[in-house]
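So this block is upload.pdb, PDB, C-alpha atoms:
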ATOM      1  CA  MET A   1      63.012   0.909 -35.771  1.00  0.00           C
ATOM      2  CA  ALA A   2      59.462   0.196 -34.699  1.00  0.00           C
ATOM      3  CA  SER A   3      56.895  -0.041 -37.476  1.00  0.00           C
ATOM      4  CA  ARG A   4      53.832   0.894 -35.432  1.00  0.00           C
ATOM      5  CA  ILE A   5      52.269   4.204 -36.463  1.00  0.00           C
ATOM      6  CA  ALA A   6      51.180   6.482 -33.625  1.00  0.00           C
ATOM      7  CA  ASN A   7      48.634   9.074 -34.705  1.00  0.00           C
ATOM      8  CA  THR A   8      47.256  11.911 -32.578  1.00  0.00           C
ATOM      9  CA  ASN A   9      44.229   9.882 -31.470  1.00  0.00           C
ATOM     10  CA  GLN A  10      46.464   7.025 -30.321  1.00  0.00           C
ATOM     11  CA  VAL A  11      48.511   9.506 -28.349  1.00  0.00           C
ATOM     12  CA  ARG A  12      45.461  10.926 -26.578  1.00  0.00           C
ATOM     13  CA  ASN A  13      43.519   7.704 -25.879  1.00  0.00           C
ATOM     14  CA  GLY A  14      46.493   5.764 -24.551  1.00  0.00           C
ATOM     15  CA  THR A  15      46.709   3.042 -27.248  1.00  0.00           C
ATOM     16  CA  TRP A  16      50.188   4.185 -28.299  1.00  0.00           C
ATOM     17  CA  HIS A  17      53.027   1.845 -27.314  1.00  0.00           C
ATOM     18  CA  GLU A  18      56.675   2.336 -26.529  1.00  0.00           C
ATOM     19  CA  ALA A  19      59.531   1.167 -28.735  1.00  0.00           C
ATOM     20  CA  PRO A  20      63.322   0.787 -28.553  1.00  0.00           C
ATOM     21  CA  VAL A  21      65.109   3.943 -27.426  1.00  0.00           C
ATOM     22  CA  TYR A  22      67.585   4.578 -30.242  1.00  0.00           C
ATOM     23  CA  SER A  23      67.567   3.546 -33.878  1.00  0.00           C
ATOM     24  CA  THR A  24      70.496   2.863 -36.201  1.00  0.00           C
ATOM     25  CA  SER A  25      68.951   4.745 -39.129  1.00  0.00           C
ATOM     26  CA  PRO A  26      70.485   8.034 -40.355  1.00  0.00           C
ATOM     27  CA  PRO A  27      69.131  11.184 -38.659  1.00  0.00           C
ATOM     28  CA  VAL A  28      67.553  12.467 -41.884  1.00  0.00           C
ATOM     29  CA  PRO A  29      67.051  10.564 -45.146  1.00  0.00           C
ATOM     30  CA  PRO A  30      69.100  12.052 -48.025  1.00  0.00           C
ATOM     31  CA  TRP A  31      66.011  13.370 -49.817  1.00  0.00           C
ATOM     32  CA  LEU A  32      64.806  15.073 -46.631  1.00  0.00           C
ATOM     33  CA  ARG A  33      68.154  16.741 -46.088  1.00  0.00           C
ATOM     34  CA  ALA A  34      68.012  17.964 -49.696  1.00  0.00           C
ATOM     35  CA  TRP A  35      64.540  19.449 -49.098  1.00  0.00           C
ATOM     36  CA  ASP A  36      65.738  21.226 -45.958  1.00  0.00           C
ATOM     37  CA  VAL A  37      68.598  22.909 -47.767  1.00  0.00           C
ATOM     38  CA  THR A  38      66.564  23.696 -50.896  1.00  0.00           C
ATOM     39  CA  LEU A  39      63.690  25.295 -48.975  1.00  0.00           C
ATOM     40  CA  ILE A  40      66.041  27.392 -46.850  1.00  0.00           C
ATOM     41  CA  LEU A  41      67.939  28.667 -49.884  1.00  0.00           C
ATOM     42  CA  LEU A  42      64.607  29.611 -51.481  1.00  0.00           C
ATOM     43  CA  VAL A  43      63.288  31.597 -48.498  1.00  0.00           C
ATOM     44  CA  LEU A  44      66.575  33.033 -47.218  1.00  0.00           C
ATOM     45  CA  PRO A  45      66.480  36.137 -49.495  1.00  0.00           C
ATOM     46  CA  LEU A  46      63.059  36.972 -48.023  1.00  0.00           C
ATOM     47  CA  VAL A  47      63.977  36.100 -44.442  1.00  0.00           C
ATOM     48  CA  LEU A  48      67.312  37.920 -44.164  1.00  0.00           C
ATOM     49  CA  PRO A  49      65.766  41.456 -44.267  1.00  0.00           C
ATOM     50  CA  VAL A  50      63.317  40.417 -41.542  1.00  0.00           C
ATOM     51  CA  MET A  51      66.192  39.091 -39.448  1.00  0.00           C
ATOM     52  CA  LEU A  52      68.060  42.365 -39.917  1.00  0.00           C
ATOM     53  CA  VAL A  53      65.077  44.407 -38.673  1.00  0.00           C
ATOM     54  CA  ILE A  54      64.673  42.126 -35.643  1.00  0.00           C
ATOM     55  CA  ALA A  55      68.390  42.445 -34.861  1.00  0.00           C
ATOM     56  CA  ILE A  56      68.189  46.259 -34.974  1.00  0.00           C
ATOM     57  CA  LEU A  57      65.104  46.338 -32.723  1.00  0.00           C
ATOM     58  CA  ILE A  58      66.788  44.099 -30.155  1.00  0.00           C
ATOM     59  CA  ARG A  59      69.920  46.239 -30.220  1.00  0.00           C
ATOM     60  CA  ILE A  60      68.088  49.529 -29.596  1.00  0.00           C
ATOM     61  CA  SER A  61      65.578  48.199 -27.055  1.00  0.00           C
ATOM     62  CA  SER A  62      67.654  46.035 -24.749  1.00  0.00           C
ATOM     63  CA  ARG A  63      71.198  45.784 -23.480  1.00  0.00           C
ATOM     64  CA  GLY A  64      73.032  42.595 -24.321  1.00  0.00           C
ATOM     65  CA  PRO A  65      73.799  40.427 -27.346  1.00  0.00           C
ATOM     66  CA  ILE A  66      71.428  40.152 -30.299  1.00  0.00           C
ATOM     67  CA  LEU A  67      71.692  36.384 -30.469  1.00  0.00           C
ATOM     68  CA  PHE A  68      71.126  33.937 -27.652  1.00  0.00           C
ATOM     69  CA  ARG A  69      73.345  30.850 -27.814  1.00  0.00           C
ATOM     70  CA  GLN A  70      72.492  27.880 -25.655  1.00  0.00           C
ATOM     71  CA  GLU A  71      73.433  24.232 -25.624  1.00  0.00           C
ATOM     72  CA  ARG A  72      70.501  22.092 -26.701  1.00  0.00           C
ATOM     73  CA  ILE A  73      70.165  18.334 -26.976  1.00  0.00           C
ATOM     74  CA  GLY A  74      69.690  16.928 -30.461  1.00  0.00           C
ATOM     75  CA  TYR A  75      70.094  13.699 -32.377  1.00  0.00           C
ATOM     76  CA  LEU A  76      70.839  10.688 -30.140  1.00  0.00           C
ATOM     77  CA  GLY A  77      71.199  12.942 -27.116  1.00  0.00           C
ATOM     78  CA  LYS A  78      74.168  14.876 -28.469  1.00  0.00           C
ATOM     79  CA  GLY A  79      74.565  18.541 -27.552  1.00  0.00           C
ATOM     80  CA  PHE A  80      74.944  21.421 -30.015  1.00  0.00           C
ATOM     81  CA  MET A  81      74.911  25.214 -29.817  1.00  0.00           C
ATOM     82  CA  CYS A  82      71.391  26.363 -30.757  1.00  0.00           C
ATOM     83  CA  LEU A  83      70.836  29.928 -32.019  1.00  0.00           C
ATOM     84  CA  LYS A  84      67.911  32.226 -31.248  1.00  0.00           C
ATOM     85  CA  PHE A  85      67.217  35.927 -31.215  1.00  0.00           C
ATOM     86  CA  ARG A  86      67.477  37.060 -27.608  1.00  0.00           C
ATOM     87  CA  THR A  87      64.008  37.803 -26.214  1.00  0.00           C
ATOM     88  CA  MET A  88      64.863  38.041 -22.518  1.00  0.00           C
ATOM     89  CA  VAL A  89      67.005  40.370 -20.452  1.00  0.00           C
ATOM     90  CA  ALA A  90      70.658  39.366 -20.530  1.00  0.00           C
ATOM     91  CA  GLY A  91      71.874  37.259 -17.629  1.00  0.00           C
ATOM     92  CA  ASN A  92      68.415  36.210 -16.432  1.00  0.00           C
ATOM     93  CA  ASP A  93      68.137  33.384 -13.900  1.00  0.00           C
ATOM     94  CA  THR A  94      67.072  30.029 -15.395  1.00  0.00           C
ATOM     95  CA  LYS A  95      65.864  28.608 -12.072  1.00  0.00           C
ATOM     96  CA  THR A  96      62.347  29.962 -12.669  1.00  0.00           C
ATOM     97  CA  HIS A  97      62.129  28.174 -16.014  1.00  0.00           C
ATOM     98  CA  GLN A  98      63.584  24.975 -14.558  1.00  0.00           C
ATOM     99  CA  GLY A  99      60.939  24.921 -11.848  1.00  0.00           C
ATOM    100  CA  HIS A 100      58.132  25.596 -14.341  1.00  0.00           C
ATOM    101  CA  LEU A 101      59.437  22.857 -16.648  1.00  0.00           C
ATOM    102  CA  LYS A 102      59.697  20.255 -13.897  1.00  0.00           C
ATOM    103  CA  GLN A 103      56.072  20.931 -12.931  1.00  0.00           C
ATOM    104  CA  LEU A 104      54.941  20.420 -16.540  1.00  0.00           C
ATOM    105  CA  MET A 105      56.926  17.182 -16.858  1.00  0.00           C
ATOM    106  CA  LYS A 106      55.333  15.689 -13.733  1.00  0.00           C
ATOM    107  CA  ALA A 107      51.772  17.019 -14.060  1.00  0.00           C
ATOM    108  CA  ASP A 108      49.105  15.817 -16.480  1.00  0.00           C
ATOM    109  CA  VAL A 109      48.193  19.382 -17.519  1.00  0.00           C
ATOM    110  CA  PRO A 110      48.469  21.447 -20.742  1.00  0.00           C
ATOM    111  CA  MET A 111      51.927  22.882 -21.385  1.00  0.00           C
ATOM    112  CA  VAL A 112      51.142  26.582 -21.005  1.00  0.00           C
ATOM    113  CA  LYS A 113      54.254  28.702 -21.620  1.00  0.00           C
ATOM    114  CA  MET A 114      55.379  31.226 -19.018  1.00  0.00           C
ATOM    115  CA  ASP A 115      54.969  33.933 -21.702  1.00  0.00           C
ATOM    116  CA  MET A 116      51.200  33.559 -21.456  1.00  0.00           C
ATOM    117  CA  LYS A 117      51.329  34.202 -17.713  1.00  0.00           C
ATOM    118  CA  GLY A 118      53.371  37.383 -18.027  1.00  0.00           C
ATOM    119  CA  ASP A 119      57.093  36.631 -17.752  1.00  0.00           C
ATOM    120  CA  PRO A 120      58.947  39.742 -16.463  1.00  0.00           C
ATOM    121  CA  ARG A 121      62.219  38.556 -18.019  1.00  0.00           C
ATOM    122  CA  ILE A 122      60.961  39.172 -21.573  1.00  0.00           C
ATOM    123  CA  ILE A 123      62.225  42.306 -23.358  1.00  0.00           C
ATOM    124  CA  PRO A 124      59.961  44.780 -25.251  1.00  0.00           C
ATOM    125  CA  PHE A 125      58.216  43.087 -28.233  1.00  0.00           C
ATOM    126  CA  GLY A 126      59.849  39.795 -27.137  1.00  0.00           C
ATOM    127  CA  VAL A 127      56.395  38.288 -26.596  1.00  0.00           C
ATOM    128  CA  ILE A 128      55.566  38.870 -30.275  1.00  0.00           C
ATOM    129  CA  LEU A 129      58.830  37.296 -31.406  1.00  0.00           C
ATOM    130  CA  ARG A 130      58.273  34.234 -29.242  1.00  0.00           C
ATOM    131  CA  ALA A 131      54.589  33.750 -30.089  1.00  0.00           C
ATOM    132  CA  SER A 132      55.283  34.085 -33.829  1.00  0.00           C
ATOM    133  CA  GLY A 133      58.395  31.912 -33.764  1.00  0.00           C
ATOM    134  CA  LEU A 134      60.447  34.701 -35.359  1.00  0.00           C
ATOM    135  CA  ASP A 135      62.951  34.423 -32.513  1.00  0.00           C
ATOM    136  CA  GLU A 136      63.928  31.018 -33.918  1.00  0.00           C
ATOM    137  CA  LEU A 137      64.851  32.213 -37.420  1.00  0.00           C
ATOM    138  CA  PRO A 138      68.611  32.004 -36.665  1.00  0.00           C
ATOM    139  CA  GLN A 139      68.124  28.253 -36.347  1.00  0.00           C
ATOM    140  CA  LEU A 140      67.955  28.150 -40.133  1.00  0.00           C
ATOM    141  CA  PHE A 141      71.751  28.251 -39.909  1.00  0.00           C
ATOM    142  CA  ASN A 142      71.649  25.286 -37.511  1.00  0.00           C
ATOM    143  CA  VAL A 143      69.719  23.454 -40.227  1.00  0.00           C
ATOM    144  CA  LEU A 144      72.279  24.371 -42.893  1.00  0.00           C
ATOM    145  CA  GLN A 145      75.020  23.043 -40.605  1.00  0.00           C
ATOM    146  CA  GLY A 146      73.191  19.714 -40.329  1.00  0.00           C
ATOM    147  CA  GLU A 147      72.460  20.075 -36.598  1.00  0.00           C
ATOM    148  CA  MET A 148      68.714  20.477 -37.136  1.00  0.00           C
ATOM    149  CA  SER A 149      65.999  19.913 -39.726  1.00  0.00           C
ATOM    150  CA  LEU A 150      63.097  22.179 -40.647  1.00  0.00           C
ATOM    151  CA  VAL A 151      60.758  19.520 -39.219  1.00  0.00           C
ATOM    152  CA  GLY A 152      61.378  17.508 -36.083  1.00  0.00           C
ATOM    153  CA  PRO A 153      61.083  17.569 -32.281  1.00  0.00           C
ATOM    154  CA  ARG A 154      62.103  20.795 -30.590  1.00  0.00           C
ATOM    155  CA  PRO A 155      65.638  20.551 -29.163  1.00  0.00           C
ATOM    156  CA  CYS A 156      65.453  20.500 -25.376  1.00  0.00           C
ATOM    157  CA  VAL A 157      67.772  22.010 -22.785  1.00  0.00           C
ATOM    158  CA  ARG A 158      70.143  19.752 -20.884  1.00  0.00           C
ATOM    159  CA  TYR A 159      68.338  19.960 -17.534  1.00  0.00           C
ATOM    160  CA  GLU A 160      65.151  18.803 -19.286  1.00  0.00           C
ATOM    161  CA  TYR A 161      66.971  15.899 -20.958  1.00  0.00           C
ATOM    162  CA  GLU A 162      68.441  14.797 -17.623  1.00  0.00           C
ATOM    163  CA  ASN A 163      64.907  14.356 -16.240  1.00  0.00           C
ATOM    164  CA  TYR A 164      63.643  12.229 -19.151  1.00  0.00           C
ATOM    165  CA  GLU A 165      62.569   8.650 -18.605  1.00  0.00           C
ATOM    166  CA  LEU A 166      64.318   6.112 -20.809  1.00  0.00           C
ATOM    167  CA  TRP A 167      61.383   5.607 -23.204  1.00  0.00           C
ATOM    168  CA  GLN A 168      61.006   9.371 -23.726  1.00  0.00           C
ATOM    169  CA  LYS A 169      64.502   9.578 -25.220  1.00  0.00           C
ATOM    170  CA  GLU A 170      63.236   7.917 -28.390  1.00  0.00           C
ATOM    171  CA  ARG A 171      62.264  11.402 -29.545  1.00  0.00           C
ATOM    172  CA  PHE A 172      65.989  11.959 -30.163  1.00  0.00           C
ATOM    173  CA  ASN A 173      66.037   9.296 -32.890  1.00  0.00           C
ATOM    174  CA  THR A 174      65.776  12.085 -35.451  1.00  0.00           C
ATOM    175  CA  LEU A 175      67.213  15.551 -35.890  1.00  0.00           C
ATOM    176  CA  PRO A 176      65.415  18.295 -33.945  1.00  0.00           C
ATOM    177  CA  GLY A 177      63.413  20.805 -35.970  1.00  0.00           C
ATOM    178  CA  LEU A 178      62.012  24.335 -36.085  1.00  0.00           C
ATOM    179  CA  THR A 179      58.500  22.971 -36.383  1.00  0.00           C
ATOM    180  CA  GLY A 180      57.024  19.542 -35.833  1.00  0.00           C
ATOM    181  CA  LEU A 181      54.012  17.322 -35.323  1.00  0.00           C
ATOM    182  CA  TRP A 182      53.557  18.576 -31.756  1.00  0.00           C
ATOM    183  CA  GLN A 183      53.529  22.247 -32.806  1.00  0.00           C
ATOM    184  CA  VAL A 184      50.731  21.693 -35.337  1.00  0.00           C
ATOM    185  CA  SER A 185      48.724  19.331 -33.084  1.00  0.00           C
ATOM    186  CA  GLY A 186      47.647  21.688 -30.335  1.00  0.00           C
ATOM    187  CA  LYS A 187      51.001  22.522 -28.709  1.00  0.00           C
ATOM    188  CA  ASN A 188      49.996  24.435 -25.539  1.00  0.00           C
ATOM    189  CA  LYS A 189      46.840  22.326 -25.225  1.00  0.00           C
ATOM    190  CA  THR A 190      48.834  19.095 -24.938  1.00  0.00           C
ATOM    191  CA  THR A 191      50.532  17.577 -21.901  1.00  0.00           C
ATOM    192  CA  PHE A 192      54.255  16.858 -21.713  1.00  0.00           C
ATOM    193  CA  ASP A 193      53.722  13.128 -22.324  1.00  0.00           C
ATOM    194  CA  GLU A 194      51.507  13.879 -25.341  1.00  0.00           C
ATOM    195  CA  MET A 195      54.262  16.084 -26.752  1.00  0.00           C
ATOM    196  CA  ILE A 196      56.791  13.273 -26.345  1.00  0.00           C
ATOM    197  CA  ARG A 197      54.507  10.752 -28.042  1.00  0.00           C
ATOM    198  CA  LEU A 198      53.790  13.091 -30.955  1.00  0.00           C
ATOM    199  CA  ASP A 199      57.524  13.661 -31.426  1.00  0.00           C
ATOM    200  CA  ILE A 200      58.168   9.924 -31.358  1.00  0.00           C
ATOM    201  CA  ALA A 201      55.340   9.363 -33.841  1.00  0.00           C
ATOM    202  CA  TYR A 202      57.089  11.694 -36.290  1.00  0.00           C
ATOM    203  CA  SER A 203      60.474  10.128 -35.586  1.00  0.00           C
ATOM    204  CA  ARG A 204      59.119   6.670 -36.430  1.00  0.00           C
ATOM    205  CA  ASN A 205      57.082   7.637 -39.448  1.00  0.00           C
ATOM    206  CA  LYS A 206      58.573  10.671 -41.188  1.00  0.00           C
ATOM    207  CA  THR A 207      57.708  10.672 -44.877  1.00  0.00           C
ATOM    208  CA  PRO A 208      57.779  13.334 -47.603  1.00  0.00           C
ATOM    209  CA  GLY A 209      54.009  13.696 -47.265  1.00  0.00           C
ATOM    210  CA  LEU A 210      54.074  14.157 -43.487  1.00  0.00           C
ATOM    211  CA  TYR A 211      57.037  16.560 -43.757  1.00  0.00           C
ATOM    212  CA  LEU A 212      55.195  18.813 -46.224  1.00  0.00           C
ATOM    213  CA  LYS A 213      51.915  18.556 -44.314  1.00  0.00           C
ATOM    214  CA  ILE A 214      53.579  19.790 -41.118  1.00  0.00           C
ATOM    215  CA  ILE A 215      55.261  22.698 -42.938  1.00  0.00           C
ATOM    216  CA  LEU A 216      51.958  23.748 -44.534  1.00  0.00           C
ATOM    217  CA  LYS A 217      50.185  23.589 -41.162  1.00  0.00           C
ATOM    218  CA  THR A 218      52.857  25.605 -39.366  1.00  0.00           C
ATOM    219  CA  VAL A 219      51.705  29.108 -40.377  1.00  0.00           C
ATOM    220  CA  PRO A 220      48.051  28.528 -39.302  1.00  0.00           C
ATOM    221  CA  ALA A 221      49.367  27.033 -36.037  1.00  0.00           C
ATOM    222  CA  ILE A 222      51.522  30.127 -35.443  1.00  0.00           C
ATOM    223  CA  ILE A 223      48.523  32.421 -36.035  1.00  0.00           C
ATOM    224  CA  VAL A 224      46.502  30.450 -33.474  1.00  0.00           C
ATOM    225  CA  GLN A 225      49.405  30.651 -31.032  1.00  0.00           C
ATOM    226  CA  MET A 226      49.663  34.431 -31.440  1.00  0.00           C
ATOM    227  CA  LEU A 227      45.917  34.880 -30.906  1.00  0.00           C
ATOM    228  CA  GLU A 228      45.996  32.689 -27.798  1.00  0.00           C
ATOM    229  CA  THR A 229      48.952  34.628 -26.396  1.00  0.00           C
ATOM    230  CA  ARG A 230      47.205  37.942 -27.049  1.00  0.00           C
ATOM    231  CA  ARG A 231      43.991  36.703 -25.415  1.00  0.00           C
ATOM    232  CA  SER A 232      45.866  35.351 -22.407  1.00  0.00           C
ATOM    233  CA  ARG A 233      47.806  38.566 -21.868  1.00  0.00           C
ATOM    234  CA  LYS A 234      44.615  40.637 -22.155  1.00  0.00           C
ATOM    235  CA  GLU A 235      42.985  38.468 -19.483  1.00  0.00           C
ATOM    236  CA  LEU A 236      46.088  38.838 -17.321  1.00  0.00           C
ATOM    237  CA  SER A 237      46.027  42.621 -17.740  1.00  0.00           C
ATOM    238  CA  ARG A 238      42.297  42.747 -16.967  1.00  0.00           C
ATOM    239  CA  ALA A 239      42.819  40.662 -13.826  1.00  0.00           C
ATOM    240  CA  GLY A 240      45.607  42.999 -12.727  1.00  0.00           C
ATOM    241  CA  THR A 241      43.405  46.059 -13.252  1.00  0.00           C
ATOM    242  CA  GLN A 242      40.571  44.482 -11.248  1.00  0.00           C
ATOM    243  CA  LEU A 243      42.973  43.620  -8.428  1.00  0.00           C
ATOM    244  CA  GLN A 244      44.286  47.193  -8.275  1.00  0.00           C
ATOM    245  CA  SER A 245      40.697  48.483  -8.273  1.00  0.00           C
ATOM    246  CA  SER A 246      39.699  46.198  -5.418  1.00  0.00           C
ATOM    247  CA  GLN A 247      42.725  47.293  -3.401  1.00  0.00           C
ATOM    248  CA  ARG A 248      41.866  50.979  -3.875  1.00  0.00           C
ATOM    249  CA  GLU A 249      38.198  50.655  -2.840  1.00  0.00           C
ATOM    250  CA  PRO A 250      38.785  50.034   0.905  1.00  0.00           C
ATOM    251  CA  LEU A 251      41.250  52.944   0.990  1.00  0.00           C
ATOM    252  CA  ASN A 252      38.731  55.285  -0.626  1.00  0.00           C
ATOM    253  CA  GLY A 253      36.128  54.159   1.895  1.00  0.00           C
ATOM    254  CA  ARG A 254      38.397  54.980   4.810  1.00  0.00           C
ATOM    255  CA  VAL A 255      39.174  58.435   3.391  1.00  0.00           C
ATOM    256  CA  SER A 256      35.471  59.198   3.052  1.00  0.00           C
ATOM    257  CA  ALA A 257      34.807  58.048   6.617  1.00  0.00           C
ATOM    258  CA  ASP A 258      37.642  60.171   7.984  1.00  0.00           C
ATOM    259  CA  ALA A 259      36.319  63.213   6.124  1.00  0.00           C
ATOM    260  CA  LYS A 260      32.963  62.986   7.897  1.00  0.00           C
TER     261      LYS A 260
END
Target encoding structure tokens, full file:
Amino acid sequence: MASRIANTNQVRNGTWHEAPVYSTSPPVPPWLRAWDVTLILLVLPLVLPVMLVIAILIRISSRGPILFRQERIGYLGKGFMCLKFRTMVAGNDTKTHQGHLKQLMKADVPMVKMDMKGDPRIIPFGVILRASGLDELPQLFNVLQGEMSLVGPRPCVRYEYENYELWQKERFNTLPGLTGLWQVSGKNKTTFDEMIRLDIAYSRNKTPGLYLKIILKTVPAIIVQMLETRRSRKELSRAGTQLQSSQREPLNGRVSADAK
């Protein structure tokens, strides 16, 4: 495995270098696996009531299953069934997301989620679940099963993986996680390539210190994400109101003219 350390500045200024695609090291060091399990067992009594409330709200507000199961790509490019709380209408078309994702992968622009642009597929209060990361709580069971870690690259969907360049697949040298270096390093303000490089940086250099640092930074990062989502949706709503107003003005003018 490459020994070069890629920090955030190296990622952004282009001094980061590529390395071999796959390593022969275990997906998670034994001590890291022990921390994953220990931390989950500590928080699970607090998290389970929250998960129950979310499940009830989904059940009464939207038709369809409570959980969303989807194949994701994990360690060394292997697929597994990833769990999430369902935040979109059941049976929605994935073509819209595929098109959005392909644009982000090719363009050198920040990775703004469709949620922030007003995605009509999202169910009531689904935006809150997605912005806060609460929709991903079921993935704690993926971690307990050894398919994920608490910290690592986000598991991608198969059609994303199939469009990766060879060097980008190094991000699969470690188990995927619920949070990671990318999530606490700007997330929606980074480009797709910057996300890949941040994930690879963690994959190459995961240590107990970096693991704990990312976990501690996750809650502040989530708060920032929620505020940004709220601000974006307010701007979207304001723009919609202004558009409706501008469309009504000519009509009102014609009515007044006809009345004369």
Show me, as JSON lines, the residues of stretch 93-196 of chain A having an atom within 9 Å of stretch 220-227 of chain A, each with the closest atom pair and its distance in Å, using all atoms listed in the file.
{"residue": "A:Ile128", "atom": "CA", "partner": "A:Met226", "partner_atom": "CA", "distance": 7.5}
{"residue": "A:Arg130", "atom": "CA", "partner": "A:Met226", "partner_atom": "CA", "distance": 8.9}
{"residue": "A:Ala131", "atom": "CA", "partner": "A:Met226", "partner_atom": "CA", "distance": 5.2}
{"residue": "A:Ser132", "atom": "CA", "partner": "A:Ile222", "partner_atom": "CA", "distance": 5.7}
{"residue": "A:Gly133", "atom": "CA", "partner": "A:Ile222", "partner_atom": "CA", "distance": 7.3}
{"residue": "A:Gln183", "atom": "CA", "partner": "A:Ala221", "partner_atom": "CA", "distance": 7.1}
{"residue": "A:Val184", "atom": "CA", "partner": "A:Ala221", "partner_atom": "CA", "distance": 5.6}
{"residue": "A:Ser185", "atom": "CA", "partner": "A:Ala221", "partner_atom": "CA", "distance": 8.3}
{"residue": "A:Gly186", "atom": "CA", "partner": "A:Ala221", "partner_atom": "CA", "distance": 8.0}
{"residue": "A:Lys187", "atom": "CA", "partner": "A:Gln225", "partner_atom": "CA", "distance": 8.6}
{"residue": "A:Asn188", "atom": "CA", "partner": "A:Gln225", "partner_atom": "CA", "distance": 8.3}
Save the residues we just selected, C-alpha atoms, as a compact mmCIF listing (two decimals), in the frame of the given file?
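Saved file part_17.txt follows:
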# COMPACT_ATOMS: atom_id res chain seq x y z
CA ILE A 128 55.57 38.87 -30.28
CA ARG A 130 58.27 34.23 -29.24
CA ALA A 131 54.59 33.75 -30.09
CA SER A 132 55.28 34.08 -33.83
CA GLY A 133 58.40 31.91 -33.76
CA GLN A 183 53.53 22.25 -32.81
CA VAL A 184 50.73 21.69 -35.34
CA SER A 185 48.72 19.33 -33.08
CA GLY A 186 47.65 21.69 -30.34
CA LYS A 187 51.00 22.52 -28.71
CA ASN A 188 50.00 24.44 -25.54
Practice task
Calculate how many Å separate atom CA of A:Leu140 from atom CA of A:Gln70, rounding to one decimal.
Solution key: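 Result for atom CA of A:Leu140 versus atom CA of A:Gln70: 15.2 Å, one decimal.
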Handout entry: Residue contacts of stretch 39-50 of chain A (9 Å, all atoms listed in the file) excluding same-chain residues fewer than 5 positions away, as number ranges by chain
Key = A: 34, 55, 134, 137, 140, 143-144, 150
Handout entry: Top pick for closest residue to A:Asn205, considering A:Arg171, A:Thr191, A:Thr229, A:Tyr75 and counting only C-alpha atoms
Key =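 Checking each candidate against A:Asn205, we get A:Arg171 as the closest.
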Practice task
Rounded to one decimal place, report the atom CA of A:Lys113-atom CA of A:Ile56 distance in Å.
Solution key: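 That distance, rounded to one decimal, is 26.1 Å.
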Practice task
Would you translate the PyMOL selection byres ((chain A and resi 199) around 12) into the concrete set of residues it matches in this file, as a ChimeraX atom specification?
Solution key: /A:5-8,11,151-155,168-177,179-185,187,192-198,200-206
